[in-house]
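Listing of model_13.cif, mmCIF, C-alpha atoms
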```cif
data_model
#
loop_
_atom_site.group_PDB
_atom_site.id
_atom_site.type_symbol
_atom_site.label_atom_id
_atom_site.label_comp_id
_atom_site.auth_asym_id
_atom_site.auth_seq_id
_atom_site.Cartn_x
_atom_site.Cartn_y
_atom_site.Cartn_z
ATOM 1 C CA MET Q 60 65.232 139.073 86.790
ATOM 2 C CA ASN Q 61 67.746 138.283 84.050
ATOM 3 C CA GLU Q 62 70.497 139.873 86.137
ATOM 4 C CA LEU Q 63 69.599 137.697 89.106
ATOM 5 C CA ARG Q 64 69.637 134.594 86.929
ATOM 6 C CA ASP Q 65 73.053 135.635 85.687
ATOM 7 C CA VAL Q 66 74.345 135.975 89.252
ATOM 8 C CA PHE Q 67 73.088 132.455 90.089
ATOM 9 C CA ARG Q 68 74.645 131.069 86.915
ATOM 10 C CA ARG Q 69 78.017 132.648 87.720
ATOM 11 C CA GLN Q 70 77.807 131.441 91.314
ATOM 12 C CA ALA Q 71 77.045 127.880 90.157
ATOM 13 C CA GLU Q 72 80.003 127.955 87.761
ATOM 14 C CA TRP Q 73 82.294 129.209 90.519
ATOM 15 C CA GLN Q 74 81.123 126.475 92.892
ATOM 16 C CA LYS Q 75 81.628 123.840 90.194
ATOM 17 C CA LYS Q 76 85.166 125.096 89.667
ATOM 18 C CA ARG Q 77 85.945 124.750 93.379
ATOM 19 C CA VAL Q 78 84.679 121.146 93.440
ATOM 20 C CA SER Q 79 86.836 120.295 90.450
ATOM 21 C CA LEU Q 80 90.037 121.408 92.206
ATOM 22 C CA SER Q 81 92.368 118.502 92.905
ATOM 23 C CA TRP Q 82 92.309 116.948 96.372
ATOM 24 C CA PRO Q 83 95.768 118.332 97.298
ATOM 25 C CA GLU Q 84 94.595 121.806 96.224
ATOM 26 C CA LYS Q 85 91.511 121.547 98.430
ATOM 27 C CA ILE Q 86 93.676 120.337 101.338
ATOM 28 C CA ARG Q 87 95.896 123.405 100.842
ATOM 29 C CA LEU Q 88 92.793 125.639 100.947
ATOM 30 C CA ALA Q 89 91.800 124.012 104.243
ATOM 31 C CA GLU Q 90 95.339 124.485 105.595
ATOM 32 C CA GLY Q 91 95.097 128.164 104.678
ATOM 33 C CA ALA Q 92 91.885 128.489 106.705
ATOM 34 C CA GLN Q 93 93.189 126.640 109.780
ATOM 35 C CA GLU Q 94 94.685 129.654 111.552
ATOM 36 C CA THR Q 95 91.445 131.624 111.187
ATOM 37 C CA LEU Q 96 89.422 128.653 112.417
ATOM 38 C CA ARG Q 97 91.718 128.271 115.437
ATOM 39 C CA ARG Q 98 91.240 131.951 116.323
ATOM 40 C CA PHE Q 99 87.459 131.627 116.039
ATOM 41 C CA ARG Q 100 87.525 128.634 118.386
ATOM 42 C CA GLU Q 101 89.690 130.549 120.877
ATOM 43 C CA MET Q 102 87.309 133.529 120.726
ATOM 44 C CA LYS Q 103 84.353 131.220 121.363
ATOM 45 C CA THR Q 104 86.111 129.680 124.379
ATOM 46 C CA ASN Q 105 87.027 133.119 125.743
ATOM 47 C CA VAL Q 106 83.465 134.363 125.438
ATOM 48 C CA LEU Q 107 81.905 131.292 127.034
ATOM 49 C CA SER Q 108 84.278 130.916 129.996
ATOM 50 C CA PRO Q 109 83.335 134.067 132.000
ATOM 51 C CA SER Q 110 79.590 133.360 131.865
ATOM 52 C CA ARG Q 111 80.205 129.823 133.136
ATOM 53 C CA ASP Q 112 82.289 131.233 135.993
ATOM 54 C CA GLN Q 113 79.401 133.476 136.921
ATOM 55 C CA GLY Q 114 77.151 130.476 137.191
ATOM 56 C CA GLY Q 115 74.893 131.292 134.262
ATOM 57 C CA GLY Q 116 74.739 131.665 130.528
ATOM 58 C CA GLN Q 117 75.418 129.208 127.785
ATOM 59 C CA LYS Q 118 77.349 125.997 128.223
ATOM 60 C CA GLY Q 119 80.359 125.266 126.010
ATOM 61 C CA ASN Q 120 80.253 122.680 123.270
ATOM 62 C CA ALA Q 121 81.301 119.193 124.164
ATOM 63 C CA MET P 241 103.272 119.430 101.198
ATOM 64 C CA SER P 242 102.280 119.048 104.846
ATOM 65 C CA MET P 243 99.516 116.505 104.212
ATOM 66 C CA ARG P 244 102.058 114.619 102.117
ATOM 67 C CA ARG P 245 104.218 114.446 105.237
ATOM 68 C CA VAL P 246 101.259 112.786 106.957
ATOM 69 C CA ALA P 247 101.025 110.273 104.082
ATOM 70 C CA ASP P 248 104.773 109.591 104.157
ATOM 71 C CA LEU P 249 104.811 109.053 107.916
ATOM 72 C CA LEU P 250 101.841 106.673 107.762
ATOM 73 C CA ASN P 251 103.412 104.670 104.935
ATOM 74 C CA GLU P 252 106.666 104.481 106.845
ATOM 75 C CA MET P 253 104.802 103.361 109.958
ATOM 76 C CA GLN P 254 103.105 100.606 107.989
ATOM 77 C CA HIS P 255 106.334 99.422 106.365
ATOM 78 C CA ALA P 256 108.027 99.368 109.772
ATOM 79 C CA GLY P 257 105.237 97.097 111.044
ATOM 80 C CA VAL P 258 104.011 99.561 113.691
ATOM 81 C CA ILE P 259 100.515 99.416 112.176
ATOM 82 C CA ALA P 260 98.948 96.818 109.915
ATOM 83 C CA ASP P 261 96.957 99.297 107.835
ATOM 84 C CA TYR P 262 95.647 102.868 107.840
ATOM 85 C CA ALA P 263 93.200 105.104 105.971
ATOM 86 C CA LEU P 264 92.448 108.796 106.228
ATOM 87 C CA PHE P 265 88.810 109.583 107.034
ATOM 88 C CA GLY P 266 86.788 112.527 108.406
ATOM 89 C CA ALA P 267 86.781 116.006 106.861
ATOM 90 C CA ALA P 268 90.229 115.767 105.234
ATOM 91 C CA ALA P 269 89.113 112.618 103.389
ATOM 92 C CA GLN P 270 85.754 114.186 102.526
ATOM 93 C CA MET P 271 87.559 116.866 100.508
ATOM 94 C CA ARG P 272 88.628 114.223 98.020
ATOM 95 C CA TYR P 273 84.977 114.084 96.945
ATOM 96 C CA THR P 274 83.430 117.461 97.785
ATOM 97 C CA GLU P 275 84.339 121.127 98.042
ATOM 98 C CA ALA P 276 87.042 122.129 100.523
ATOM 99 C CA VAL P 277 85.735 122.331 104.098
ATOM 100 C CA ALA P 278 87.153 124.051 107.166
ATOM 101 C CA THR P 279 88.796 121.584 109.532
ATOM 102 C CA LEU P 280 91.608 121.546 112.056
ATOM 103 C CA ASP P 281 92.268 117.824 112.397
ATOM 104 C CA ALA P 282 93.275 114.890 110.262
ATOM 105 C CA ASP P 283 91.617 111.665 111.422
ATOM 106 C CA VAL P 284 93.227 108.357 110.589
ATOM 107 C CA LEU P 285 91.673 104.926 111.006
ATOM 108 C CA ILE P 286 94.258 102.318 111.867
ATOM 109 C CA ALA P 287 94.482 98.564 112.154
ATOM 110 C CA LEU P 288 96.913 97.616 114.886
ATOM 111 C CA LYS P 289 99.142 94.587 115.033
ATOM 112 C CA SER P 290 97.339 91.862 116.960
ATOM 113 C CA ASP P 291 99.909 91.695 119.781
ATOM 114 C CA GLU P 292 99.302 95.241 121.073
ATOM 115 C CA GLY P 293 99.026 95.529 124.850
ATOM 116 C CA LEU P 294 96.921 97.745 127.108
ATOM 117 C CA ASP P 295 97.993 100.988 125.458
ATOM 118 C CA PRO P 296 97.430 100.282 121.774
ATOM 119 C CA LEU P 297 98.600 103.708 120.600
ATOM 120 C CA ALA P 298 101.862 103.716 122.577
ATOM 121 C CA SER P 299 103.962 102.250 119.763
ATOM 122 C CA ILE P 300 102.507 104.764 117.274
ATOM 123 C CA PHE P 301 103.322 107.727 119.518
ATOM 124 C CA GLU P 302 106.799 106.325 120.153
ATOM 125 C CA PHE P 303 107.408 105.960 116.406
ATOM 126 C CA CYS P 304 106.228 109.548 115.768
ATOM 127 C CA ARG P 305 108.432 110.882 118.580
ATOM 128 C CA SER P 306 111.431 109.055 117.139
ATOM 129 C CA ARG P 307 110.786 110.908 113.862
ATOM 130 C CA GLY P 308 110.679 114.278 115.662
ATOM 131 C CA TYR P 309 106.905 114.802 115.833
ATOM 132 C CA GLU P 310 105.381 116.196 119.012
ATOM 133 C CA LEU P 311 102.399 114.806 120.843
ATOM 134 C CA LYS P 312 99.657 117.408 121.450
ATOM 135 C CA GLY P 313 96.954 116.025 123.688
ATOM 136 C CA GLU P 314 95.594 112.953 121.940
ATOM 137 C CA ALA P 315 97.073 113.908 118.558
ATOM 138 C CA VAL P 316 100.458 113.993 116.860
ATOM 139 C CA GLN P 317 101.274 117.375 115.347
ATOM 140 C CA ILE P 318 102.508 116.976 111.762
ATOM 141 C CA GLY P 319 103.016 120.384 110.175
ATOM 142 C CA PRO P 320 99.705 122.237 110.601
ATOM 143 C CA TRP P 321 97.744 118.997 111.158
ATOM 144 C CA PRO P 322 96.986 117.484 114.544
ATOM 145 C CA VAL P 323 96.672 113.844 113.457
ATOM 146 C CA GLN P 324 94.350 111.637 115.501
ATOM 147 C CA PHE P 325 94.814 107.875 115.331
ATOM 148 C CA ILE P 326 91.596 105.930 115.783
ATOM 149 C CA PRO P 327 91.778 102.130 115.913
ATOM 150 C CA ALA P 328 89.085 100.555 113.706
ATOM 151 C CA PHE P 329 86.445 99.965 116.374
ATOM 152 C CA SER P 330 83.558 98.259 114.579
ATOM 153 C CA ALA P 331 82.703 96.032 111.643
ATOM 154 C CA LEU P 332 81.872 99.180 109.658
ATOM 155 C CA THR P 333 85.216 100.911 110.286
ATOM 156 C CA ARG P 334 87.107 97.652 109.675
ATOM 157 C CA GLU P 335 85.345 97.321 106.312
ATOM 158 C CA ALA P 336 86.086 100.998 105.527
ATOM 159 C CA LEU P 337 89.748 100.395 106.245
ATOM 160 C CA LYS P 338 89.930 97.182 104.223
ATOM 161 C CA GLN P 339 88.225 98.698 101.182
ATOM 162 C CA ALA P 340 90.026 102.066 101.296
ATOM 163 C CA ASP P 341 91.508 103.399 98.050
ATOM 164 C CA THR P 342 95.214 103.993 97.605
ATOM 165 C CA VAL P 343 95.589 107.277 95.724
ATOM 166 C CA ASP P 344 98.467 109.457 94.646
ATOM 167 C CA PHE P 345 98.924 112.500 96.863
ATOM 168 C CA GLU P 346 101.603 114.766 95.389
ATOM 169 C CA GLY P 347 103.739 111.742 94.519
ATOM 170 C CA SER P 348 103.087 109.670 97.645
ATOM 171 C CA PRO P 349 100.619 106.811 97.983
ATOM 172 C CA PHE P 350 97.897 107.705 100.469
ATOM 173 C CA ARG P 351 95.142 105.379 101.740
ATOM 174 C CA VAL P 352 91.760 107.089 101.983
ATOM 175 C CA VAL P 353 88.331 105.800 102.962
ATOM 176 C CA GLN P 354 85.784 105.521 100.117
ATOM 177 C CA ALA P 355 82.917 108.013 99.933
ATOM 178 C CA VAL P 356 80.245 105.433 100.804
ATOM 179 C CA HIS P 357 82.027 104.459 104.013
ATOM 180 C CA LEU P 358 82.647 108.105 104.952
ATOM 181 C CA ALA P 359 78.917 108.710 104.537
ATOM 182 C CA VAL P 360 77.808 105.649 106.516
ATOM 183 C CA ILE P 361 80.310 106.317 109.332
ATOM 184 C CA ALA P 362 78.838 109.847 109.488
ATOM 185 C CA LEU P 363 75.351 108.307 109.590
ATOM 186 C CA SER P 364 76.383 106.137 112.545
ATOM 187 C CA VAL P 365 77.680 109.176 114.489
ATOM 188 C CA GLY P 366 74.656 111.320 113.646
ATOM 189 C CA ARG P 367 75.580 114.879 114.698
ATOM 190 C CA GLY P 368 74.546 117.902 112.654
ATOM 191 C CA LYS P 369 77.956 118.170 111.006
ATOM 192 C CA ASP P 370 77.838 114.475 110.121
ATOM 193 C CA TYR P 371 74.510 114.960 108.338
ATOM 194 C CA ALA P 372 76.026 117.945 106.492
ATOM 195 C CA ARG P 373 78.869 115.635 105.389
ATOM 196 C CA ILE P 374 76.434 113.032 104.061
ATOM 197 C CA ILE P 375 74.514 115.678 102.117
ATOM 198 C CA ALA P 376 77.742 117.081 100.639
ATOM 199 C CA LEU P 377 78.851 113.588 99.582
ATOM 200 C CA LEU P 378 75.472 112.794 98.025
ATOM 201 C CA GLU P 379 75.360 116.150 96.212
ATOM 202 C CA SER P 380 78.866 115.596 94.837
ATOM 203 C CA GLY P 381 77.654 112.367 93.217
ATOM 204 C CA SER P 382 80.501 110.379 94.786
ATOM 205 C CA VAL P 383 77.966 108.162 96.530
ATOM 206 C CA THR P 384 74.335 107.334 95.743
ATOM 207 C CA PRO P 385 71.458 106.840 98.209
ATOM 208 C CA ASP P 386 71.214 103.193 97.074
ATOM 209 C CA GLU P 387 74.881 102.528 97.834
ATOM 210 C CA MET P 388 74.497 104.132 101.237
ATOM 211 C CA GLU P 389 71.399 102.112 102.010
ATOM 212 C CA THR P 390 73.140 98.837 101.138
ATOM 213 C CA VAL P 391 76.121 99.516 103.419
ATOM 214 C CA ALA P 392 73.923 100.958 106.182
ATOM 215 C CA GLN P 393 71.726 97.845 106.165
ATOM 216 C CA ARG P 394 74.752 95.553 106.268
ATOM 217 C CA HIS P 395 75.914 97.279 109.455
ATOM 218 C CA GLY P 396 72.634 97.509 111.343
ATOM 219 C CA LEU P 397 72.005 101.155 110.468
ATOM 220 C CA ALA P 398 68.813 100.683 108.440
ATOM 221 C CA GLU P 399 66.747 102.715 110.930
ATOM 222 C CA ASN P 400 69.323 105.556 110.978
ATOM 223 C CA TRP P 401 69.227 105.616 107.175
ATOM 224 C CA LYS P 402 65.436 105.616 107.120
ATOM 225 C CA ARG P 403 65.301 108.570 109.534
ATOM 226 C CA PHE P 404 67.992 110.497 107.604
ATOM 227 C CA LYS P 405 66.208 109.868 104.305
ATOM 228 C CA ALA P 406 62.826 110.980 105.656
ATOM 229 C CA ARG P 407 64.340 114.137 107.148
ATOM 230 C CA PHE P 408 66.635 115.254 104.344
ATOM 231 C CA LEU P 409 65.887 113.446 101.087
ATOM 232 C CA ASP P 410 62.144 112.710 100.926
ATOM 233 C CA GLU P 411 60.088 115.784 100.236
#
```

Written as structure tokens, how would this file's structure read?
Amino acid sequence: MNELRDVFRRQAEWQKKRVSLSWPEKIRLAEGAQETLRRFREMKTNVLSPSRDQGGGQKGNA
Amino acid sequence: MSMRRVADLLNEMQHAGVIADYALFGAAAQMRYTEAVATLDADVLIALKSDEGLDPLASIFEFCRSRGYELKGEAVQIGPWPVQFIPAFSALTREALKQADTVDFEGSPFRVVQAVHLAVIALSVGRGKDYARIIALLESGSVTPDEMETVAQRHGLAENWKRFKARFLDE
């Protein structure tokens, strides 16, 4: 139980640290994640397109 | 550095009289107040000069092109950021623009919408990700429920606020 509490405490401290980054630092973090996010979106589009062509399956996000 | 390029271009655009005013909003602005979030776009609210014709964004795109920035769909690509220009379209967004803060971004002045307006604009849109933005802003302490309620009421969003509060804040 104490170990678990310790994990939560460390996690909370880590999250606090991330919030206290400066705005430009957080923008740079977001820039670093953009390429990954783009690839995820492409993957999602590629997966959804064939099922639409076949006349069934999920519809893409608007 | 690349978001600073966005700031520099917007300031230049304002000084050149292409736009009357601007302020960053959306996820990129949210990060001023909360943790970093994943986003692809930079959204900018703009006030146009009053004599704009049928295509209000034409002069903005022309200015960006003259500075070497490419148009990609509805956005202008500035470094890694597709920048979307959204004319202030309501009393709420006009107020957000007027009351935006001017902050220092790596040595450049950058106009950014205040947390309360970011939250109430999100309330007016009302998708899942907008509610997540409101919760993040409230949890960061950059806006209080009372402040949100005041602005929401002023802009005819009292019912939206009531529903949001019942669903996410009252337990």

(Q) Taking 2 positions as the minimum chain separation for residues in the same chain, which residues sit within 6 Å of segment 310-323 of chain P when counting only C-alpha atoms? Answer as a ChimeraX atom specification. (A) /P:242,281-283

- Query: Any chance you could work out the residue set of the PyMOL selection byres ((chain P) within 8 of (chain Q)) here, as a ChimeraX atom specification?
  - Reply: /P:243,268,271-280,320,345-346

| request: Scan for residues within 9 Å of the point (72.0, 113.7, 104.6) in the coordinates of the file, using only C-alpha atoms, and reply as an NGL selection string. | output: :P and (359 or 363 or 370-378 or 401 or 404-405 or 407-409)

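Considering the residues P:Leu332, P:Met253, P:Ala267, P:Val284 and counting only C-alpha atoms, Arg351 of chain P has its shortest atom-to-atom contact with P:Val284.
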
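Atom CA of Phe350 of chain P is positioned 15.2 Å from atom CA of Phe325 of chain P.
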
TODO: Find the residues around segment 335-343 of chain P up to 10 Å (all atoms listed in the file counted), leave out those fewer than 3 positions away in its own chain, and share them as JSON, numbers by chain.
DONE: {"P": [261, 262, 263, 264, 265, 284, 285, 286, 287, 328, 330, 331, 332, 346, 347, 348, 349, 350, 351, 352, 353, 354, 355, 356, 357, 358, 360, 361, 391, 395]}

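Across the model, the gap from atom CA of Asp295 of chain P to atom CA of Phe329 of chain P is 14.7 Å.
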